[in-house]
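Data from start.cif: mmCIF, C-alpha atoms and all ligand atoms
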data_query
#
loop_
_atom_site.label_atom_id
_atom_site.label_comp_id
_atom_site.auth_asym_id
_atom_site.auth_seq_id
_atom_site.Cartn_x
_atom_site.Cartn_y
_atom_site.Cartn_z
CA MET J 1 -44.29 -8.10 38.24
CA LYS J 2 -40.64 -9.12 37.88
CA ILE J 3 -39.19 -11.84 40.10
CA GLN J 4 -35.60 -13.01 40.34
CA VAL J 5 -35.18 -16.66 41.27
CA ILE J 6 -31.80 -17.43 42.82
CA ASN J 7 -30.57 -20.96 43.49
CA GLY J 8 -27.35 -21.62 45.36
CA PRO J 9 -24.66 -24.30 45.29
CA ASN J 10 -25.32 -27.83 44.07
CA LEU J 11 -28.88 -27.05 43.01
CA ASN J 12 -27.68 -27.32 39.40
CA MET J 13 -27.31 -31.03 40.25
CA LEU J 14 -30.99 -31.54 41.07
CA GLY J 15 -32.38 -34.65 39.45
CA LYS J 16 -29.07 -36.45 39.89
CA ARG J 17 -28.22 -35.21 43.38
CA GLU J 18 -29.44 -37.46 46.22
CA PRO J 19 -32.86 -37.93 44.57
CA GLU J 20 -34.17 -39.74 47.65
CA ILE J 21 -33.75 -36.43 49.51
CA TYR J 22 -34.22 -33.77 46.85
CA GLY J 23 -36.53 -35.53 44.38
CA THR J 24 -36.11 -36.19 40.69
CA LEU J 25 -37.02 -32.82 39.17
CA THR J 26 -34.11 -31.00 37.58
CA LEU J 27 -33.56 -27.28 38.17
CA ASP J 28 -34.62 -26.60 34.59
CA GLU J 29 -37.87 -28.46 35.20
CA ILE J 30 -38.50 -26.48 38.38
CA ASN J 31 -37.84 -23.24 36.51
CA ARG J 32 -40.19 -24.25 33.66
CA ILE J 33 -42.99 -25.03 36.16
CA LEU J 34 -42.48 -21.60 37.76
CA GLU J 35 -42.45 -19.96 34.34
CA GLU J 36 -45.77 -21.61 33.39
CA GLU J 37 -47.31 -20.42 36.64
CA GLY J 38 -45.83 -16.98 36.02
CA ILE J 39 -47.51 -16.71 32.61
CA LYS J 40 -50.92 -17.24 34.29
CA LYS J 41 -50.12 -14.65 36.95
CA ASN J 42 -48.41 -11.97 34.84
CA VAL J 43 -45.02 -12.59 36.38
CA ILE J 44 -41.79 -12.32 34.41
CA PHE J 45 -38.96 -14.40 35.86
CA SER J 46 -35.20 -14.16 35.73
CA PHE J 47 -33.41 -17.32 36.76
CA PHE J 48 -29.93 -17.49 38.28
CA GLN J 49 -27.97 -20.36 39.78
CA SER J 50 -24.44 -20.25 41.08
CA ASN J 51 -22.10 -22.36 43.15
CA HIS J 52 -20.22 -19.19 44.17
CA GLU J 53 -21.09 -16.95 47.10
CA GLY J 54 -19.82 -13.72 45.53
CA ALA J 55 -21.79 -14.32 42.32
CA ILE J 56 -24.95 -14.71 44.41
CA VAL J 57 -24.14 -11.48 46.28
CA ASP J 58 -23.68 -9.70 42.91
CA CYS J 59 -27.01 -11.04 41.67
CA ILE J 60 -28.83 -9.90 44.83
CA GLN J 61 -27.33 -6.40 44.56
CA GLN J 62 -28.39 -6.16 40.91
CA CYS J 63 -32.00 -6.86 41.90
CA ASN J 64 -32.26 -3.47 43.57
CA GLU J 65 -34.45 -1.26 41.40
CA ASN J 66 -34.74 -3.95 38.68
CA MET J 67 -36.93 -6.51 40.43
CA ASP J 68 -40.15 -6.56 42.44
CA GLY J 69 -39.29 -9.67 44.40
CA ILE J 70 -36.76 -12.44 44.94
CA ILE J 71 -37.26 -16.16 45.54
CA ILE J 72 -34.00 -17.51 46.93
CA ASN J 73 -32.84 -20.98 47.84
CA PRO J 74 -29.37 -20.21 49.22
CA ALA J 75 -28.80 -23.97 49.65
CA ALA J 76 -25.84 -24.69 51.97
CA TYR J 77 -25.11 -20.93 52.22
CA THR J 78 -28.38 -20.62 54.15
CA HIS J 79 -26.64 -21.99 57.17
CA TYR J 80 -23.56 -19.77 57.30
CA SER J 81 -23.28 -17.04 54.66
CA ILE J 82 -23.31 -13.68 56.40
CA ALA J 83 -22.34 -12.17 53.04
CA ILE J 84 -25.60 -13.35 51.46
CA ARG J 85 -27.56 -12.27 54.53
CA ASP J 86 -25.99 -8.78 54.36
CA ALA J 87 -26.69 -8.52 50.62
CA LEU J 88 -30.38 -9.37 51.21
CA ALA J 89 -30.52 -6.83 54.05
CA SER J 90 -28.94 -4.11 51.90
CA ILE J 91 -31.60 -4.02 49.16
CA ASN J 92 -35.17 -2.74 49.02
CA VAL J 93 -36.59 -5.75 47.24
CA PRO J 94 -38.60 -8.31 49.29
CA ALA J 95 -37.05 -11.77 49.28
CA VAL J 96 -38.63 -15.10 50.24
CA GLU J 97 -36.40 -18.00 51.29
CA VAL J 98 -37.26 -21.47 50.04
CA HIS J 99 -35.99 -25.00 50.55
CA LEU J 100 -37.04 -28.24 48.94
CA THR J 101 -36.53 -30.24 52.12
CA LYS J 102 -37.55 -30.01 55.78
CA ILE J 103 -34.41 -28.28 56.98
CA ASP J 104 -35.65 -28.41 60.57
CA GLU J 105 -35.86 -32.23 60.56
CA ARG J 106 -32.43 -33.01 59.10
CA GLU J 107 -28.93 -32.54 60.55
CA ALA J 108 -28.84 -29.95 63.38
CA PHE J 109 -26.72 -27.52 61.33
CA ARG J 110 -29.47 -27.30 58.70
CA SER J 111 -32.02 -26.00 61.18
CA ILE J 112 -30.06 -22.73 61.43
CA SER J 113 -30.79 -20.17 58.75
CA VAL J 114 -28.75 -16.97 58.89
CA THR J 115 -30.70 -15.58 55.91
CA LYS J 116 -34.27 -16.17 57.12
CA ASP J 117 -34.54 -13.00 59.24
CA VAL J 118 -33.76 -10.72 56.31
CA CYS J 119 -36.40 -12.41 54.15
CA ILE J 120 -40.12 -11.61 54.45
CA SER J 121 -41.03 -15.29 54.73
CA GLN J 122 -39.67 -18.82 54.44
CA PHE J 123 -41.25 -21.87 52.77
CA PHE J 124 -39.63 -25.28 53.10
CA GLY J 125 -40.15 -29.01 53.01
CA LYS J 126 -42.55 -29.14 50.08
CA GLY J 127 -40.30 -29.65 47.06
CA ILE J 128 -41.43 -27.56 44.08
CA ASP J 129 -44.44 -26.38 46.12
CA SER J 130 -42.08 -24.44 48.39
CA TYR J 131 -41.23 -22.32 45.32
CA LEU J 132 -44.87 -22.05 44.21
CA GLU J 133 -46.00 -20.96 47.68
CA ALA J 134 -43.22 -18.36 47.75
CA LEU J 135 -44.45 -17.09 44.38
CA SER J 136 -48.06 -16.72 45.61
CA TYR J 137 -46.86 -15.00 48.77
CA LEU J 138 -44.74 -12.48 46.85
CA ILE J 139 -47.60 -11.74 44.44
CA GLU J 140 -50.02 -11.07 47.34
CA LYS J 141 -47.51 -8.80 49.09
CA TRP J 142 -46.85 -6.95 45.83
CA LYS J 143 -50.58 -6.37 45.22
CA VAL J 144 -50.96 -4.97 48.76
CA SER J 145 -47.97 -2.66 48.30
CA LYS J 146 -49.40 -1.42 44.95
CA LYS J 147 -52.78 -0.69 46.58
CA GLU J 148 -51.08 1.17 49.42
CA GLY J 149 -49.08 3.15 46.83
CA ASP J 150 -52.31 4.07 44.98
CA ASN J 151 -53.88 5.37 48.19
CA GLU J 152 -50.97 7.65 49.03
C1 LIG J 201 -31.62 -27.03 50.61
C2 LIG J 201 -31.27 -27.47 52.04
C3 LIG J 201 -29.83 -27.17 52.36
O1 LIG J 201 -29.52 -27.58 53.68
C4 LIG J 201 -28.91 -27.89 51.41
O2 LIG J 201 -27.56 -27.53 51.66
C5 LIG J 201 -29.26 -27.67 49.98
C6 LIG J 201 -30.67 -27.64 49.59
C7 LIG J 201 -33.06 -27.45 50.21
O3 LIG J 201 -33.54 -26.91 49.22
O4 LIG J 201 -33.66 -28.30 50.85
O5 LIG J 201 -28.40 -27.61 49.12
O6 LIG J 201 -31.55 -25.62 50.54
#

Take the structure in the file and write it out as structure tokens.
Amino acid sequence: MKIQVINGPNLNMLGKREPEIYGTLTLDEINRILEEEGIKKNVIFSFFQSNHEGAIVDCIQQCNENMDGIIINPAAYTHYSIAIRDALASINVPAVEVHLTKIDEREAFRSISVTKDVCISQFFGKGIDSYLEALSYLIEKWKVSKKEGDNE
């Protein structure tokens, strides 16, 4: 199974960025933890981070036909990027939205996600575990879709 992990703006600053809110793990450390979990579960990851909306849209479009799933933390774009929402809606690859923090318990603007409805699920508020839960969820969905494919 191939999974694209996409992290949006300012997530390259993890570790240094408001550690009291986002924790002390760097993005590299998060990616390494996912990679180790992936080895146990036969998952190959591609990792992408960008501070630019269009680059994230390009990455999402390139997932079509190349990837079996997407784990995306659109970061601040979650709350207003219709372009990223439309890109997720335009592809046939299931995406799961993740957030490190409890977006529903912070500023009011963070409780709105314009991308959530075009994702198959959303995990938030658990730090690195949000990503790990998204991974397990995608793997389960993928297994079910494979079984359904075999029965057809
Ligand atoms: C975030 C939450 C967003 O509101 C914020 O803009 C981020 C990170 C999270 O992972 O908790 O950059 O997506």

Padding 8 Å on every side, please: axis-aligned box over the listed atoms of ligand LIG 201 (chain J), centre and edge lengths to one decimal in Å, as lines of an AutoDock Vina configuration file.
center_x = -30.6
center_y = -27.0
center_z = 51.4
size_x = 22.1
size_y = 18.7
size_z = 20.6

Do a neighbour search on region 51-59 of chain J at 12 Å with only C-alpha atoms, toss out local chain neighbours closer than 5 positions, and write the hits as a VMD selection string. chain J and resid 4 to 13 46 64 66 to 67 70 72 to 78 80 to 91

Calculate how many Å separate atom C3 of ligand LIG 201 (chain J) from CA of Ile3 (chain J), rounding to one decimal. 21.7 Å

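The interatomic distance for the pair CA of Phe47 (chain J) and CA of Gly149 (chain J) works out to 27.7 Å.
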
For Ile39 (chain J), the closest of J:Val98, J:Asp117, J:Asp104, J:Lys2 counting all atoms listed in the file is J:Lys2

To one decimal place, how far is CA of Val93 (chain J) from CA of Ser136 (chain J) in Å?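 One can read the CA of Val93 (chain J) to CA of Ser136 (chain J) distance as 16.0 Å.
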
With distances taken over all atoms listed in the file, the candidate from J:Val43, J:Ile128, J:Cys63, J:Val144 nearest ligand LIG 201 (chain J) is J:Ile128

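Omitting Ser111 (chain J) and its sequence neighbours fewer than 4 positions away, and counting all atoms listed in the file, the residues within 10 Å are Thr78, His79, Lys102, Ile103, Asp104, Glu105, Arg106 and Glu107 of chain J.
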
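Restricting the calculation to only C-alpha atoms and all ligand atoms, the smallest distance between ligand LIG 201 (chain J) and any of J:Lys141, J:Lys16, J:His99, J:Lys41 is found for J:His99.
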
Ligand LIG 201 (chain J) proximity check over J:Cys119, J:Leu138, J:Ile44, J:Ala108, using all atoms listed in the file: winner is J:Ala108

Could you name the residues that touch Leu100 (chain J) at 6 Å or less, counting all atoms listed in the file, but leaving out those on the same chain fewer than 5 positions away, as a short mmCIF file (atom, residue, chain, number, x, y, z; two decimals) with C-alpha atoms, in the frame of the given file?
data_model
loop_
_atom_site.label_atom_id
_atom_site.label_comp_id
_atom_site.auth_asym_id
_atom_site.auth_seq_id
_atom_site.Cartn_x
_atom_site.Cartn_y
_atom_site.Cartn_z
CA PHE J 124 -39.63 -25.28 53.10
CA GLY J 125 -40.15 -29.01 53.01
CA LYS J 126 -42.55 -29.14 50.08
CA GLY J 127 -40.30 -29.65 47.06
#

Set the distance at 8 Å and use all atoms listed in the file: which residues neighbour Phe123 (chain J) once local chain neighbours fewer than 4 positions away are removed? I'd like the list as a count of residues only. 8

Save region 36-67 of chain J of the structure in the block above to a file, with N, CA, C and O atoms included, as a JSON list (two decimals), in the first residue's frame.
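The resulting selection-v6.json:
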[["chain", "number", "residue", "atom", "x", "y", "z"],
["J", 36, "GLU", "N", 8.41, 3.95, 10.45],
["J", 36, "GLU", "CA", 8.65, 2.72, 11.23],
["J", 36, "GLU", "C", 7.38, 1.89, 11.33],
["J", 36, "GLU", "O", 7.39, 0.67, 11.20],
["J", 37, "GLU", "N", 6.27, 2.56, 11.56],
["J", 37, "GLU", "CA", 4.97, 1.89, 11.63],
["J", 37, "GLU", "C", 4.63, 1.29, 10.26],
["J", 37, "GLU", "O", 4.10, 0.18, 10.18],
["J", 38, "GLY", "N", 4.95, 2.04, 9.22],
["J", 38, "GLY", "CA", 4.68, 1.59, 7.85],
["J", 38, "GLY", "C", 5.44, 0.32, 7.51],
["J", 38, "GLY", "O", 4.90, -0.58, 6.85],
["J", 39, "ILE", "N", 6.68, 0.20, 7.99],
["J", 39, "ILE", "CA", 7.48, -1.00, 7.71],
["J", 39, "ILE", "C", 6.76, -2.23, 8.27],
["J", 39, "ILE", "O", 6.64, -3.25, 7.60],
["J", 40, "LYS", "N", 6.21, -2.09, 9.49],
["J", 40, "LYS", "CA", 5.50, -3.22, 10.12],
["J", 40, "LYS", "C", 4.23, -3.57, 9.35],
["J", 40, "LYS", "O", 3.75, -4.68, 9.39],
["J", 41, "LYS", "N", 3.65, -2.57, 8.69],
["J", 41, "LYS", "CA", 2.32, -2.77, 8.08],
["J", 41, "LYS", "C", 2.37, -2.80, 6.56],
["J", 41, "LYS", "O", 1.33, -2.67, 5.90],
["J", 42, "ASN", "N", 3.56, -2.94, 6.01],
["J", 42, "ASN", "CA", 3.71, -3.02, 4.54],
["J", 42, "ASN", "C", 3.23, -1.77, 3.81],
["J", 42, "ASN", "O", 2.63, -1.87, 2.74],
["J", 43, "VAL", "N", 3.47, -0.64, 4.42],
["J", 43, "VAL", "CA", 3.07, 0.62, 3.80],
["J", 43, "VAL", "C", 4.32, 1.38, 3.35],
["J", 43, "VAL", "O", 5.29, 1.48, 4.11],
["J", 44, "ILE", "N", 4.27, 1.86, 2.11],
["J", 44, "ILE", "CA", 5.36, 2.71, 1.62],
["J", 44, "ILE", "C", 4.85, 4.15, 1.62],
["J", 44, "ILE", "O", 3.78, 4.43, 1.05],
["J", 45, "PHE", "N", 5.61, 5.03, 2.26],
["J", 45, "PHE", "CA", 5.18, 6.43, 2.36],
["J", 45, "PHE", "C", 5.94, 7.34, 1.39],
["J", 45, "PHE", "O", 7.12, 7.12, 1.11],
["J", 46, "SER", "N", 5.22, 8.37, 0.94],
["J", 46, "SER", "CA", 5.89, 9.54, 0.34],
["J", 46, "SER", "C", 5.53, 10.71, 1.25],
["J", 46, "SER", "O", 4.37, 10.83, 1.66],
["J", 47, "PHE", "N", 6.51, 11.54, 1.53],
["J", 47, "PHE", "CA", 6.26, 12.68, 2.42],
["J", 47, "PHE", "C", 6.41, 13.99, 1.66],
["J", 47, "PHE", "O", 7.36, 14.16, 0.89],
["J", 48, "PHE", "N", 5.46, 14.91, 1.90],
["J", 48, "PHE", "CA", 5.51, 16.21, 1.24],
["J", 48, "PHE", "C", 5.05, 17.27, 2.22],
["J", 48, "PHE", "O", 4.06, 17.08, 2.93],
["J", 49, "GLN", "N", 5.81, 18.35, 2.27],
["J", 49, "GLN", "CA", 5.39, 19.51, 3.08],
["J", 49, "GLN", "C", 5.56, 20.75, 2.23],
["J", 49, "GLN", "O", 6.56, 20.89, 1.51],
["J", 50, "SER", "N", 4.58, 21.64, 2.29],
["J", 50, "SER", "CA", 4.75, 22.91, 1.58],
["J", 50, "SER", "C", 4.02, 24.02, 2.32],
["J", 50, "SER", "O", 2.99, 23.79, 2.97],
["J", 51, "ASN", "N", 4.56, 25.21, 2.17],
["J", 51, "ASN", "CA", 3.91, 26.40, 2.71],
["J", 51, "ASN", "C", 3.05, 27.08, 1.65],
["J", 51, "ASN", "O", 2.51, 28.16, 1.88],
["J", 52, "HIS", "N", 2.93, 26.42, 0.47],
["J", 52, "HIS", "CA", 2.26, 27.06, -0.67],
["J", 52, "HIS", "C", 1.04, 26.25, -1.12],
["J", 52, "HIS", "O", 1.14, 25.05, -1.40],
["J", 53, "GLU", "N", -0.08, 26.94, -1.22],
["J", 53, "GLU", "CA", -1.34, 26.29, -1.55],
["J", 53, "GLU", "C", -1.27, 25.54, -2.89],
["J", 53, "GLU", "O", -1.68, 24.38, -2.99],
["J", 54, "GLY", "N", -0.75, 26.22, -3.92],
["J", 54, "GLY", "CA", -0.71, 25.61, -5.26],
["J", 54, "GLY", "C", 0.16, 24.36, -5.29],
["J", 54, "GLY", "O", -0.16, 23.38, -5.98],
["J", 55, "ALA", "N", 1.25, 24.35, -4.53],
["J", 55, "ALA", "CA", 2.13, 23.18, -4.49],
["J", 55, "ALA", "C", 1.39, 22.00, -3.84],
["J", 55, "ALA", "O", 1.56, 20.85, -4.25],
["J", 56, "ILE", "N", 0.55, 22.30, -2.87],
["J", 56, "ILE", "CA", -0.23, 21.24, -2.21],
["J", 56, "ILE", "C", -1.29, 20.71, -3.19],
["J", 56, "ILE", "O", -1.50, 19.50, -3.30],
["J", 57, "VAL", "N", -1.91, 21.62, -3.93],
["J", 57, "VAL", "CA", -2.89, 21.20, -4.96],
["J", 57, "VAL", "C", -2.19, 20.29, -5.97],
["J", 57, "VAL", "O", -2.70, 19.22, -6.33],
["J", 58, "ASP", "N", -1.00, 20.69, -6.44],
["J", 58, "ASP", "CA", -0.25, 19.85, -7.41],
["J", 58, "ASP", "C", 0.02, 18.47, -6.83],
["J", 58, "ASP", "O", -0.14, 17.46, -7.52],
["J", 59, "CYS", "N", 0.44, 18.42, -5.59],
["J", 59, "CYS", "CA", 0.76, 17.14, -4.95],
["J", 59, "CYS", "C", -0.48, 16.26, -4.87],
["J", 59, "CYS", "O", -0.43, 15.06, -5.18],
["J", 60, "ILE", "N", -1.61, 16.84, -4.50],
["J", 60, "ILE", "CA", -2.86, 16.06, -4.40],
["J", 60, "ILE", "C", -3.22, 15.50, -5.77],
["J", 60, "ILE", "O", -3.55, 14.32, -5.92],
["J", 61, "GLN", "N", -3.13, 16.34, -6.80],
["J", 61, "GLN", "CA", -3.49, 15.87, -8.16],
["J", 61, "GLN", "C", -2.58, 14.72, -8.59],
["J", 61, "GLN", "O", -3.03, 13.77, -9.22],
["J", 62, "GLN", "N", -1.31, 14.80, -8.21],
["J", 62, "GLN", "CA", -0.36, 13.76, -8.63],
["J", 62, "GLN", "C", -0.60, 12.42, -7.91],
["J", 62, "GLN", "O", -0.08, 11.40, -8.33],
["J", 63, "CYS", "N", -1.37, 12.47, -6.83],
["J", 63, "CYS", "CA", -1.67, 11.22, -6.11],
["J", 63, "CYS", "C", -2.60, 10.32, -6.90],
["J", 63, "CYS", "O", -2.63, 9.11, -6.70],
["J", 64, "ASN", "N", -3.40, 10.92, -7.77],
["J", 64, "ASN", "CA", -4.37, 10.13, -8.53],
["J", 64, "ASN", "C", -3.63, 9.07, -9.33],
["J", 64, "ASN", "O", -2.69, 9.38, -10.04],
["J", 65, "GLU", "N", -4.05, 7.85, -9.18],
["J", 65, "GLU", "CA", -3.46, 6.69, -9.85],
["J", 65, "GLU", "C", -2.10, 6.25, -9.29],
["J", 65, "GLU", "O", -1.68, 5.14, -9.53],
["J", 66, "ASN", "N", -1.42, 7.10, -8.53],
["J", 66, "ASN", "CA", -0.10, 6.71, -7.98],
["J", 66, "ASN", "C", -0.17, 6.23, -6.55],
["J", 66, "ASN", "O", 0.76, 5.58, -6.08],
["J", 67, "MET", "N", -1.23, 6.62, -5.83],
["J", 67, "MET", "CA", -1.28, 6.38, -4.38],
["J", 67, "MET", "C", -2.56, 5.64, -4.01],
["J", 67, "MET", "O", -3.57, 5.75, -4.70]]
